[in-house]
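Each remark here refers to the structure printed beneath this line.
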Amino acid sequence: MPDHRPKRRIHLSKLYTFSCGRSSLQTEDSLPIGGPGFSRTVYCNEPEKHQETPYRPNYVSTTKYNLATFFPKALFEQFRRVANIYFLFAAALSLTPLAPFSASSLIAPLVFVVGVSMIKEGIEDWHRFLQDKEVNNRTVKVHAKVGNFVETEWKNLMVGDVVRVEKDAFFPADLLLLSSSYEDGVCYVETMNLDGETNLKLKQALKPTTKLHNNESFESFKAFIKCEDPNPNLYTFVGSMDYEGQTYPLSSQQILLRDSKLRNTEYIYGVIIFSGHDTKVMQNTTDPPSKRSGIERKMDKIIYFLFSMLVLIALVGSIAFGVKTRDDMPDWWYLRPDDANAYFNPDNPALAAFLHFVTALILYGYLIPISLYVSIEIVKVAQSMFINKDQQMYYAETDKPAQARTSNLNEELGQVDTILSDKTGTLTCNSMEFLKCSIAGTAYGQGMTEVERAMAERLGKDAVELQNLSFEDNDINDQVGTEMEIKPHIKGFNFRDKRLMNGHWQQEPHADVIRMFFRILAICQTAIPEEDEETGNVSYEAESPDEAAFVVAARELGFEFFKRTQTSVMLHEPGPTLDQVERILNVLEFNSARKRMSVIVRNEEDRLFLFCKGADSVIFERLSKKQGREFGEATRTHISKYADAGLRTLAIAYRELDEEEYRVWNEEFMEAMNTVSADRDAKMDAVTDKIEKELILVGATAVEDKLQKGVPQCIDKLAQAGIKIWVLTGDKLETAINIGFACSFLRQGMKQILITLDTPEINVVEAQGDKEAISKVSRESVRKQISDGHMQVSSVRGNDDVFALIIDGKSLAYALEKEIKEKFLSVAIGCASVICCRVSPKQKALVTRLVKEGTGKTTLAIGDGANDVGMLQEADIGVGISGVEGMQAVMASDFAIAQFCFLERLLLVHGHWCYRRITTMICYFFYKNIAFGFTLFYFEAYASFSGQAAYNDWYMSLFNVFFTSLPVIALGVFEQDVSARFCLQFPLLYQEGLQNILFRWARIFGWMFNGVCSSTIIFFFSTSILKHQAFRHGGQVSGMEVLGATMYTCIVWTVNCQIALAISYFTWIQHLVIWGSIAFWYLFLFVYGSIKPTFSTTAYKVLVEACGPSPMYWFITLLVVISALVPYFTYTAFERRFFPLYHSLIQWARHEGIYEDPVLQTIPVHRNHVGFTARVEAGIEHFKNKIRHSHNGDRVTGLQNDSH
């Protein structure tokens, strides 16, 4: 086969990032292979050798069930619910003589309800099966001996198989990269499916295997791999490969993970190491934590209460039956008491009472709504569909709609008390723009940040005035922004300063330092340039938005990075020599522990340099004391000002290296890099510390992470709704504070409670290096600061004093300790705003848990990055933002949105609607079942507690399934007490859910009492009217079958009319299901009554021959239904007139056409302290105070003049 490799050669083996495979030979004894966790062996190109120790096949299944387990597992899931267990118990008893009605009438509804739920489970699992099938049936070329590669399905692959993957295809398993279309074995990989990152990553094969460049090369290929066991760590790999008599260490640089994609590379060859469920992506697929809404948990308590009520009335009836059997049965000669069986034996009333108790448990089972669970599931799925289809939450720029990833928590959206939010990528865009910089102690850049605009508003200054304040050298302000040519906006670059633009930097006093600054920005990076063949423009694939902004800034100011080879980067640079080639010797990567990145380069003059960029706290401590701090004070001042403006800053430094120093260091570095052990990273960090020292400071960068569109307005609405918002961020204290001002979390006049360990006293102790002493002093300092804050909050008088709590990550570590966390939470709850900065992902999750468990109220966490996953899973509701940082947060979330501002509609509209629908639906369910169930109790008491049912068996069986189910489902899906517009216009409406007004015990018991009233009116009115009245033309009185049909008709009418009264928003669907359910009852009664009496029993011809022709039947229906609805109608009218709920007020305003009523706008739910509205109110109050003091001063002056 001919070799069709690209002619361009990128040799990246000298880069630290891509050089892990270029290691020196090691003996097998030096590798930690074969012990616990390192026992996997792979025979490359010999998959048949694994039959003795078979590994998992490459077939992947994410389904919950299979053909063998579906019925047992699905049934187990259904009967974990208490109500279903009860009905199963009742169905079993219905097969005995104790049952008051036929077994089929009780078993059928149970089978229907459980069957519907199981079908739903089966459909969901079937969709998962189809997705698995599509993946498993993908094809790839696999080596089939003698150098031939044939296509096969993924599911047929085995460990040890050699595969050829083409460009833009997914990797079918975890592969060891052997070679690629590039001669040095490099390939580009997109890992978006794994970590959500869209930037391409480079992988590189071991040098000895790069010669396997075509199909024929694999005819005699053999190798032996020893490596780690399957594990979920995506970013590490430890192993070794024996090939051609040598042992080579393996690392993650040679591993291509399943579900990542080959990009910008024609093909690769790889050998399968992990297959199927052993792959790292499958090892990471864990079930999310099980979350249940507070309403669902409370619903369980209600069902327990109804069970208790059922047992109580069954016990009362049984005792009464026992007494009747003992005292009255001997006188009832027509029942043959002398020949009575155990069910009504006067000689053994206790046994008769017990057997009656069992019968009553079955008879009164209709108090428990059998279809409640399945109805709620149907409703929640429909609600989730409405959330997914909401066009107001669709973000066109990224083509991302809102997504309800679970339907279990819909109603919780309407009860959120506290939001815990990430900052970067959540409140801000995570789209960085190079805005300002400090070079050689001089500040450059005149762009205005949103935070600075907010500061101008706070200080009462205009933007230009504040902008002038941001420069120390006011005499140069005129030079900075005048005569700037207007250029089209360039992504990542928003820098404006005439002193540096268009080559003017060469006239600056420190031009050589400026040149070094931008050369470092252009060289100290790992971006990949891509040139557009049509336009010639260069774009960059960078690992982070910050890095992309730096290379774009360097390009726009004359230092264009345009090409990368394996060992060098090339720049277009101003000056006589336009193109500069810098040899890259080592790249020391950035990570959260190092907080810096460095590259070591050799320039064309054969001089060695180390270029470094990183956090100022890390860079400043590594500066040379002799010549590295010339611009230190000025740069530190500028960094502080940039942080005040809400900008993200990095310090820039360099040093020139001696040849011998570098040679010695590089040998030590290569030795540490080639170590294959668990402490490899620690050794690497220790070695890099030795070279990253004695740096010379050049300056600092300042990039802006802009606020997302609509964030301040969204926060304002949420604050007006009474929702508390906490910000948890990894940014600096100053940056977090100023973002807080821009978002209106903070405002002028707020008293800030600042808890920090960045104090001179703590710094002195830290300098001594005694860890125990540092811990002790820090703990006491945090304890004291929290106690002081608690005193301030506790002593607040009225609503005039508003507090904001700001705490850094070091302090938070102690504040979350068991002895302190309760007081810390108490202080935080007493503050209007809480900002936690410099926090780790674990601390985010711990804070979320503290708020959730400490307050006992609903918490919502929102974030967009992998570092937010713990917080999202810990909160009651996790909302992921599908932003720049990837999809890990979305995959761990319960709901996903594209922009923070959509949270306003998700909570205030959908949250309120779902809460109201679900709570009303549940209350109505209990109402209708009590209304129905108590008529059975009354009739049994009327029949001397004989266990006789009032209704035909199938009447009872179909009550919850057909005659009353659809209206309540329609209510749960379509009900709107107010429109979306009014939900957003009047955020106070959200208080109904926040205070749980619609699902308090008083309201639940009120609905239950309404059910008792309805059942009482229906039974006693019906029996009283029918008891002694002639019912038919012949003068006959009504029998039990007529009484049962009449009462049942009244119940069907009453409960359906009741839901019509409860509904605020009618559509044709509601009309259809409500009046259709009533009509269906008559249709059923006609059809069922037409069947032969051996089946229809008491319903035979009851409508056609008895009830229908009788005016009394229709009169009773009209009278009883109206009477049964009067209590609810009266209570509702009284409540709306004298104690209106929030939605009632807004409905009144809508009805009267009053949309801007100041009374509605200022209902005193609580005083709002956060958000733009609160800021305006505070400003107005401040202005009023000034006027008041001015008038008082004039009055005093007038009195003094009068006295003279």
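Identifiers for the structure tokens are assigned positionally: chains receive A, B, ... in sequence, residues are indexed from 1 per chain, and ligands are indexed from 1 in the order shown.
Near Val323 of chain A, within 9 Å and counting only C-alpha atoms, sit Pro349, Ala350 and Ala353 of chain A; same-chain residues fewer than 6 positions away were not included.
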Output C-alpha atoms of each residue in that selection to a file, as a PDB file, in the first residue's frame.
```pdb
ATOM      1  CA  PRO A 349     -67.996 -11.436  68.034  1.00  0.00           C
ATOM      2  CA  ALA A 350     -64.246 -10.773  68.405  1.00  0.00           C
ATOM      3  CA  ALA A 353     -64.921  -8.039  64.240  1.00  0.00           C
TER       4      ALA A 353
END
```
message = When you count only C-alpha atoms, which of these residues is closest to Met871 of chain A: A:Gln991, A:Gln51, A:Ala845, A:Glu1135?
response = A:Ala845
query = Tell me, which residues of segment 779-935 of chain A carry DSSP strand (DSSP E), written as JSON, numbers by chain?
reply = {"A": [803, 804, 805, 806, 807, 808, 833, 834, 835, 836, 837, 858, 859, 860, 861, 862, 863, 877, 878, 879, 880, 881, 895, 896, 897]}
Those residues with N, CA, C and O atoms, as a short mmCIF file (atom, residue, chain, number, x, y, z; two decimals), in the first residue's frame please?
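Listed below is the output, again-v3.cif:
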```cif
data_model
loop_
_atom_site.label_atom_id
_atom_site.label_comp_id
_atom_site.auth_asym_id
_atom_site.auth_seq_id
_atom_site.Cartn_x
_atom_site.Cartn_y
_atom_site.Cartn_z
N PHE A 803 -26.07 43.93 55.36
CA PHE A 803 -24.74 43.36 55.43
C PHE A 803 -24.47 42.49 54.20
O PHE A 803 -25.36 41.87 53.63
N ALA A 804 -23.19 42.43 53.86
CA ALA A 804 -22.70 41.51 52.84
C ALA A 804 -21.53 40.75 53.44
O ALA A 804 -20.62 41.35 54.02
N LEU A 805 -21.57 39.42 53.30
CA LEU A 805 -20.49 38.58 53.83
C LEU A 805 -19.57 38.19 52.69
O LEU A 805 -20.02 37.68 51.66
N ILE A 806 -18.27 38.43 52.87
CA ILE A 806 -17.27 38.08 51.87
C ILE A 806 -16.18 37.28 52.58
O ILE A 806 -15.61 37.73 53.57
N ILE A 807 -15.91 36.08 52.07
CA ILE A 807 -14.95 35.19 52.72
C ILE A 807 -14.08 34.54 51.66
O ILE A 807 -14.55 34.21 50.57
N ASP A 808 -12.78 34.37 51.97
CA ASP A 808 -11.89 33.73 51.01
C ASP A 808 -11.77 32.24 51.30
O ASP A 808 -12.22 31.74 52.34
N SER A 833 -26.12 39.52 51.00
CA SER A 833 -25.31 38.91 49.94
C SER A 833 -24.18 38.12 50.57
O SER A 833 -23.66 38.50 51.62
N VAL A 834 -23.81 37.02 49.91
CA VAL A 834 -22.68 36.22 50.36
C VAL A 834 -21.81 35.93 49.14
O VAL A 834 -22.29 35.45 48.12
N ILE A 835 -20.52 36.24 49.27
CA ILE A 835 -19.55 35.97 48.21
C ILE A 835 -18.40 35.17 48.80
O ILE A 835 -17.75 35.63 49.74
N CYS A 836 -18.18 33.98 48.26
CA CYS A 836 -17.05 33.14 48.67
C CYS A 836 -16.06 33.12 47.51
O CYS A 836 -16.41 32.70 46.41
N CYS A 837 -14.84 33.60 47.74
CA CYS A 837 -13.87 33.65 46.65
C CYS A 837 -12.67 32.76 46.96
O CYS A 837 -12.46 32.35 48.11
N THR A 858 -34.99 24.69 49.97
CA THR A 858 -34.55 24.25 48.65
C THR A 858 -33.38 25.09 48.16
O THR A 858 -33.44 26.32 48.16
N THR A 859 -32.32 24.42 47.74
CA THR A 859 -31.15 25.10 47.19
C THR A 859 -31.00 24.76 45.72
O THR A 859 -31.31 23.65 45.29
N LEU A 860 -30.52 25.73 44.96
CA LEU A 860 -30.25 25.53 43.53
C LEU A 860 -28.81 25.96 43.27
O LEU A 860 -28.41 27.06 43.66
N ALA A 861 -28.03 25.09 42.67
CA ALA A 861 -26.66 25.42 42.28
C ALA A 861 -26.60 25.55 40.78
O ALA A 861 -27.22 24.76 40.05
N ILE A 862 -25.85 26.55 40.30
CA ILE A 862 -25.75 26.78 38.86
C ILE A 862 -24.29 27.02 38.51
O ILE A 862 -23.60 27.79 39.17
N GLY A 863 -23.82 26.31 37.49
CA GLY A 863 -22.44 26.45 37.06
C GLY A 863 -22.26 25.89 35.67
O GLY A 863 -23.16 25.26 35.11
N ILE A 877 -31.35 21.16 43.46
CA ILE A 877 -31.50 21.29 42.01
C ILE A 877 -30.16 21.74 41.45
O ILE A 877 -29.58 22.72 41.93
N GLY A 878 -29.68 21.05 40.44
CA GLY A 878 -28.46 21.46 39.75
C GLY A 878 -28.79 21.96 38.36
O GLY A 878 -29.44 21.26 37.58
N VAL A 879 -28.36 23.18 38.05
CA VAL A 879 -28.59 23.76 36.72
C VAL A 879 -27.25 23.97 36.06
O VAL A 879 -26.39 24.69 36.58
N GLY A 880 -27.06 23.32 34.92
CA GLY A 880 -25.81 23.46 34.17
C GLY A 880 -25.97 24.44 33.04
O GLY A 880 -27.02 24.50 32.39
N ILE A 881 -24.93 25.24 32.82
CA ILE A 881 -24.94 26.18 31.70
C ILE A 881 -24.07 25.61 30.59
O ILE A 881 -22.90 25.30 30.81
N PHE A 895 -31.23 20.36 35.21
CA PHE A 895 -31.75 21.21 34.15
C PHE A 895 -30.55 21.90 33.49
O PHE A 895 -29.56 22.19 34.15
N ALA A 896 -30.66 22.17 32.20
CA ALA A 896 -29.59 22.83 31.48
C ALA A 896 -30.14 24.01 30.71
O ALA A 896 -31.20 23.91 30.07
N ILE A 897 -29.44 25.14 30.80
CA ILE A 897 -29.81 26.34 30.05
C ILE A 897 -28.54 26.92 29.43
O ILE A 897 -27.43 26.58 29.85
#
```
Who sits within 10 Å of segment 106-118 of chain A, only C-alpha atoms, same chain under 2 positions skipped, as an NGL selection string = :A and (70-71 or 73-75 or 77-79 or 84 or 87-88 or 90-95 or 99 or 101-104 or 120-124 or 362 or 365 or 370-375 or 377-378 or 953-954 or 956-961)
Long-range neighbours of Glu266 of chain A as an NGL selection string, 7 Å cut-off, only C-alpha atoms, 6 positions minimum in chain = :A and (166-167 or 181)
With N, CA, C and O atoms retained, could you export that selection as an mmCIF file, in the first residue's frame?
```cif
data_model
loop_
_atom_site.group_PDB
_atom_site.id
_atom_site.type_symbol
_atom_site.label_atom_id
_atom_site.label_comp_id
_atom_site.auth_asym_id
_atom_site.auth_seq_id
_atom_site.Cartn_x
_atom_site.Cartn_y
_atom_site.Cartn_z
ATOM 1 N N GLU A 166 -10.059 6.324 10.651
ATOM 2 C CA GLU A 166 -9.932 7.372 9.646
ATOM 3 C C GLU A 166 -10.290 8.737 10.234
ATOM 4 O O GLU A 166 -10.879 8.857 11.302
ATOM 5 N N LYS A 167 -9.962 9.761 9.502
ATOM 6 C CA LYS A 167 -10.223 11.153 9.899
ATOM 7 C C LYS A 167 -11.702 11.387 10.195
ATOM 8 O O LYS A 167 -12.572 10.872 9.500
ATOM 9 N N SER A 181 -0.768 9.330 10.184
ATOM 10 C CA SER A 181 -0.416 9.788 8.845
ATOM 11 C C SER A 181 0.752 10.765 8.861
ATOM 12 O O SER A 181 1.314 11.069 7.821
#
```
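The space separating atom CA of Ile303 of chain A from atom CA of Ile922 of chain A comes to 10.8 Å.
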message = List as number ranges by chain the protein and nucleic acid residues near Phe963 of chain A, meaning an atom at most 10 Å away when only C-alpha atoms are counted, but skip any in the same chain fewer than 4 places from it.
response = A: 955, 958-959, 967, 1052-1053, 1055-1056, 1073-1074, 1076-1081, 1084
Convert the current residue selection to file output with N, CA and C atoms, as a PDB file, in the first residue's frame.
```pdb
ATOM      1  N   TYR A 955     -67.912   0.218  39.092  1.00  0.00           N
ATOM      2  CA  TYR A 955     -67.967   1.657  39.361  1.00  0.00           C
ATOM      3  C   TYR A 955     -66.716   2.055  40.158  1.00  0.00           C
ATOM      4  N   LEU A 958     -63.222   1.803  38.278  1.00  0.00           N
ATOM      5  CA  LEU A 958     -62.941   2.755  37.205  1.00  0.00           C
ATOM      6  C   LEU A 958     -63.003   4.207  37.652  1.00  0.00           C
ATOM      7  N   PHE A 959     -63.282   4.439  38.925  1.00  0.00           N
ATOM      8  CA  PHE A 959     -63.420   5.815  39.404  1.00  0.00           C
ATOM      9  C   PHE A 959     -62.136   6.613  39.174  1.00  0.00           C
ATOM     10  N   PRO A 967     -59.185  14.901  33.755  1.00  0.00           N
ATOM     11  CA  PRO A 967     -59.234  16.312  34.161  1.00  0.00           C
ATOM     12  C   PRO A 967     -58.077  16.727  35.058  1.00  0.00           C
ATOM     13  N   VAL A1052     -69.408  11.895  40.486  1.00  0.00           N
ATOM     14  CA  VAL A1052     -68.730  12.198  39.230  1.00  0.00           C
ATOM     15  C   VAL A1052     -68.944  13.651  38.839  1.00  0.00           C
ATOM     16  N   TRP A1053     -70.192  14.123  38.955  1.00  0.00           N
ATOM     17  CA  TRP A1053     -70.475  15.535  38.653  1.00  0.00           C
ATOM     18  C   TRP A1053     -69.743  16.466  39.620  1.00  0.00           C
ATOM     19  N   VAL A1055     -66.994  16.088  41.650  1.00  0.00           N
ATOM     20  CA  VAL A1055     -65.529  16.190  41.605  1.00  0.00           C
ATOM     21  C   VAL A1055     -65.062  16.822  40.303  1.00  0.00           C
ATOM     22  N   ASN A1056     -65.793  16.603  39.202  1.00  0.00           N
ATOM     23  CA  ASN A1056     -65.396  17.227  37.944  1.00  0.00           C
ATOM     24  C   ASN A1056     -65.745  18.711  37.912  1.00  0.00           C
ATOM     25  N   VAL A1073     -61.977  17.259  28.494  1.00  0.00           N
ATOM     26  CA  VAL A1073     -61.765  16.160  29.445  1.00  0.00           C
ATOM     27  C   VAL A1073     -62.723  16.252  30.637  1.00  0.00           C
ATOM     28  N   ILE A1074     -63.092  17.473  31.053  1.00  0.00           N
ATOM     29  CA  ILE A1074     -63.999  17.591  32.205  1.00  0.00           C
ATOM     30  C   ILE A1074     -65.408  17.140  31.825  1.00  0.00           C
ATOM     31  N   GLY A1076     -66.250  15.721  29.089  1.00  0.00           N
ATOM     32  CA  GLY A1076     -66.176  14.406  28.469  1.00  0.00           C
ATOM     33  C   GLY A1076     -66.148  13.287  29.495  1.00  0.00           C
ATOM     34  N   SER A1077     -65.515  13.507  30.649  1.00  0.00           N
ATOM     35  CA  SER A1077     -65.496  12.488  31.705  1.00  0.00           C
ATOM     36  C   SER A1077     -66.905  12.247  32.247  1.00  0.00           C
ATOM     37  N   ILE A1078     -67.665  13.345  32.399  1.00  0.00           N
ATOM     38  CA  ILE A1078     -69.048  13.201  32.883  1.00  0.00           C
ATOM     39  C   ILE A1078     -69.889  12.463  31.843  1.00  0.00           C
ATOM     40  N   ALA A1079     -69.721  12.850  30.586  1.00  0.00           N
ATOM     41  CA  ALA A1079     -70.485  12.186  29.519  1.00  0.00           C
ATOM     42  C   ALA A1079     -70.091  10.714  29.411  1.00  0.00           C
ATOM     43  N   PHE A1080     -68.822  10.428  29.638  1.00  0.00           N
ATOM     44  CA  PHE A1080     -68.366   9.047  29.535  1.00  0.00           C
ATOM     45  C   PHE A1080     -68.992   8.169  30.618  1.00  0.00           C
ATOM     46  N   TRP A1081     -69.280   8.779  31.787  1.00  0.00           N
ATOM     47  CA  TRP A1081     -69.937   8.019  32.847  1.00  0.00           C
ATOM     48  C   TRP A1081     -71.318   7.534  32.390  1.00  0.00           C
ATOM     49  N   PHE A1084     -70.832   4.856  29.773  1.00  0.00           N
ATOM     50  CA  PHE A1084     -70.431   3.598  30.405  1.00  0.00           C
ATOM     51  C   PHE A1084     -71.628   2.923  31.076  1.00  0.00           C
TER      52      PHE A1084
END
```
inquiry  = Just list as a ChimeraX atom specification whatever in segment 537-640 of chain A DSSP marks as helix (DSSP H, G or I).
reply    = /A:545-556,616-620,632-640
request  = Find, counting only C-alpha atoms, the residue in A:Ala672, A:Ala360, A:Leu585, A:Cys429 that gets nearest to Phe609 of chain A.
outcome  = A:Leu585
Do a neighbour search on segment 846-856 of chain A at 10 Å with only C-alpha atoms, toss out local chain neighbours closer than 3 positions, and write the hits as a tab-separated table (two decimals) with N, CA and C atoms, in the first residue's frame.
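Ended up saving to selection_31.tsv:
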```tsv
chain	number	residue	atom	x	y	z
A	417	ASP	N	-35.06	28.66	47.58
A	417	ASP	CA	-34.79	29.69	48.58
A	417	ASP	C	-33.42	30.33	48.37
A	418	THR	N	-32.43	29.52	48.00
A	418	THR	CA	-31.07	30.02	47.85
A	418	THR	C	-30.46	29.50	46.56
A	419	ILE	N	-29.86	30.41	45.79
A	419	ILE	CA	-29.11	30.05	44.59
A	419	ILE	C	-27.63	30.18	44.90
A	420	LEU	N	-26.88	29.14	44.61
A	420	LEU	CA	-25.42	29.18	44.75
A	420	LEU	C	-24.82	29.15	43.36
A	726	TRP	N	-25.96	33.34	46.48
A	726	TRP	CA	-24.57	33.27	46.92
A	726	TRP	C	-23.69	33.09	45.69
A	728	LEU	N	-20.04	31.70	44.48
A	728	LEU	CA	-18.89	30.88	44.85
A	728	LEU	C	-17.93	30.90	43.67
A	812	LEU	N	-12.52	29.92	54.55
A	812	LEU	CA	-13.67	29.03	54.42
A	812	LEU	C	-13.34	27.61	54.88
A	813	ALA	N	-12.08	27.20	54.66
A	813	ALA	CA	-11.67	25.86	55.08
A	813	ALA	C	-11.88	25.67	56.58
A	815	ALA	N	-13.96	27.78	58.40
A	815	ALA	CA	-15.36	28.11	58.70
A	815	ALA	C	-16.27	26.90	58.51
A	816	LEU	N	-15.86	25.95	57.69
A	816	LEU	CA	-16.68	24.77	57.43
A	816	LEU	C	-16.42	23.64	58.42
A	821	LYS	N	-19.09	25.90	61.76
A	821	LYS	CA	-19.94	26.08	60.58
A	821	LYS	C	-21.35	26.57	60.90
A	822	GLU	N	-21.89	26.20	62.07
A	822	GLU	CA	-23.25	26.64	62.39
A	822	GLU	C	-23.31	28.15	62.59
A	824	PHE	N	-21.13	30.26	61.35
A	824	PHE	CA	-20.85	30.84	60.03
A	824	PHE	C	-22.12	30.91	59.20
A	825	LEU	N	-22.91	29.83	59.22
A	825	LEU	CA	-24.16	29.81	58.47
A	825	LEU	C	-25.13	30.85	59.02
A	826	SER	N	-25.15	31.00	60.32
A	826	SER	CA	-26.04	32.00	60.94
A	826	SER	C	-25.68	33.40	60.48
A	828	ALA	N	-24.11	34.13	57.65
A	828	ALA	CA	-24.41	34.20	56.21
A	828	ALA	C	-25.88	34.42	55.95
A	829	ILE	N	-26.74	33.73	56.71
A	829	ILE	CA	-28.18	33.88	56.52
A	829	ILE	C	-28.63	35.29	56.87
A	836	CYS	N	-18.18	33.98	48.26
A	836	CYS	CA	-17.05	33.14	48.67
A	836	CYS	C	-16.06	33.12	47.51
A	839	VAL	N	-12.36	29.70	46.17
A	839	VAL	CA	-12.84	28.43	46.71
A	839	VAL	C	-12.50	27.31	45.74
A	840	SER	N	-12.27	26.13	46.30
A	840	SER	CA	-12.00	24.94	45.50
A	840	SER	C	-13.31	24.27	45.14
A	841	PRO	N	-13.31	23.34	44.16
A	841	PRO	CA	-14.54	22.61	43.82
A	841	PRO	C	-15.13	21.87	45.02
A	842	LYS	N	-14.28	21.30	45.86
A	842	LYS	CA	-14.78	20.59	47.03
A	842	LYS	C	-15.45	21.54	47.99
A	843	GLN	N	-14.87	22.74	48.17
A	843	GLN	CA	-15.48	23.72	49.06
A	843	GLN	C	-16.83	24.18	48.53
A	859	THR	N	-32.32	24.42	47.74
A	859	THR	CA	-31.15	25.10	47.19
A	859	THR	C	-31.00	24.76	45.72
A	860	LEU	N	-30.52	25.73	44.96
A	860	LEU	CA	-30.25	25.53	43.53
A	860	LEU	C	-28.81	25.96	43.27
A	861	ALA	N	-28.03	25.09	42.67
A	861	ALA	CA	-26.66	25.42	42.28
A	861	ALA	C	-26.60	25.55	40.78
A	870	GLY	N	-19.57	18.87	41.60
A	870	GLY	CA	-19.88	18.49	42.98
A	870	GLY	C	-20.97	19.36	43.57
A	871	MET	N	-20.91	20.66	43.29
A	871	MET	CA	-21.91	21.60	43.78
A	871	MET	C	-23.28	21.30	43.17
A	872	LEU	N	-23.33	21.01	41.88
A	872	LEU	CA	-24.60	20.73	41.21
A	872	LEU	C	-25.24	19.46	41.75
A	873	GLN	N	-24.41	18.45	42.01
A	873	GLN	CA	-24.96	17.18	42.50
A	873	GLN	C	-25.37	17.28	43.96
A	874	GLU	N	-24.74	18.14	44.72
A	874	GLU	CA	-25.05	18.28	46.14
A	874	GLU	C	-26.32	19.07	46.36
A	875	ALA	N	-26.61	20.04	45.51
A	875	ALA	CA	-27.78	20.90	45.68
A	875	ALA	C	-29.07	20.12	45.41
A	876	ASP	N	-30.18	20.65	45.91
A	876	ASP	CA	-31.48	20.04	45.61
A	876	ASP	C	-31.75	20.06	44.11
```
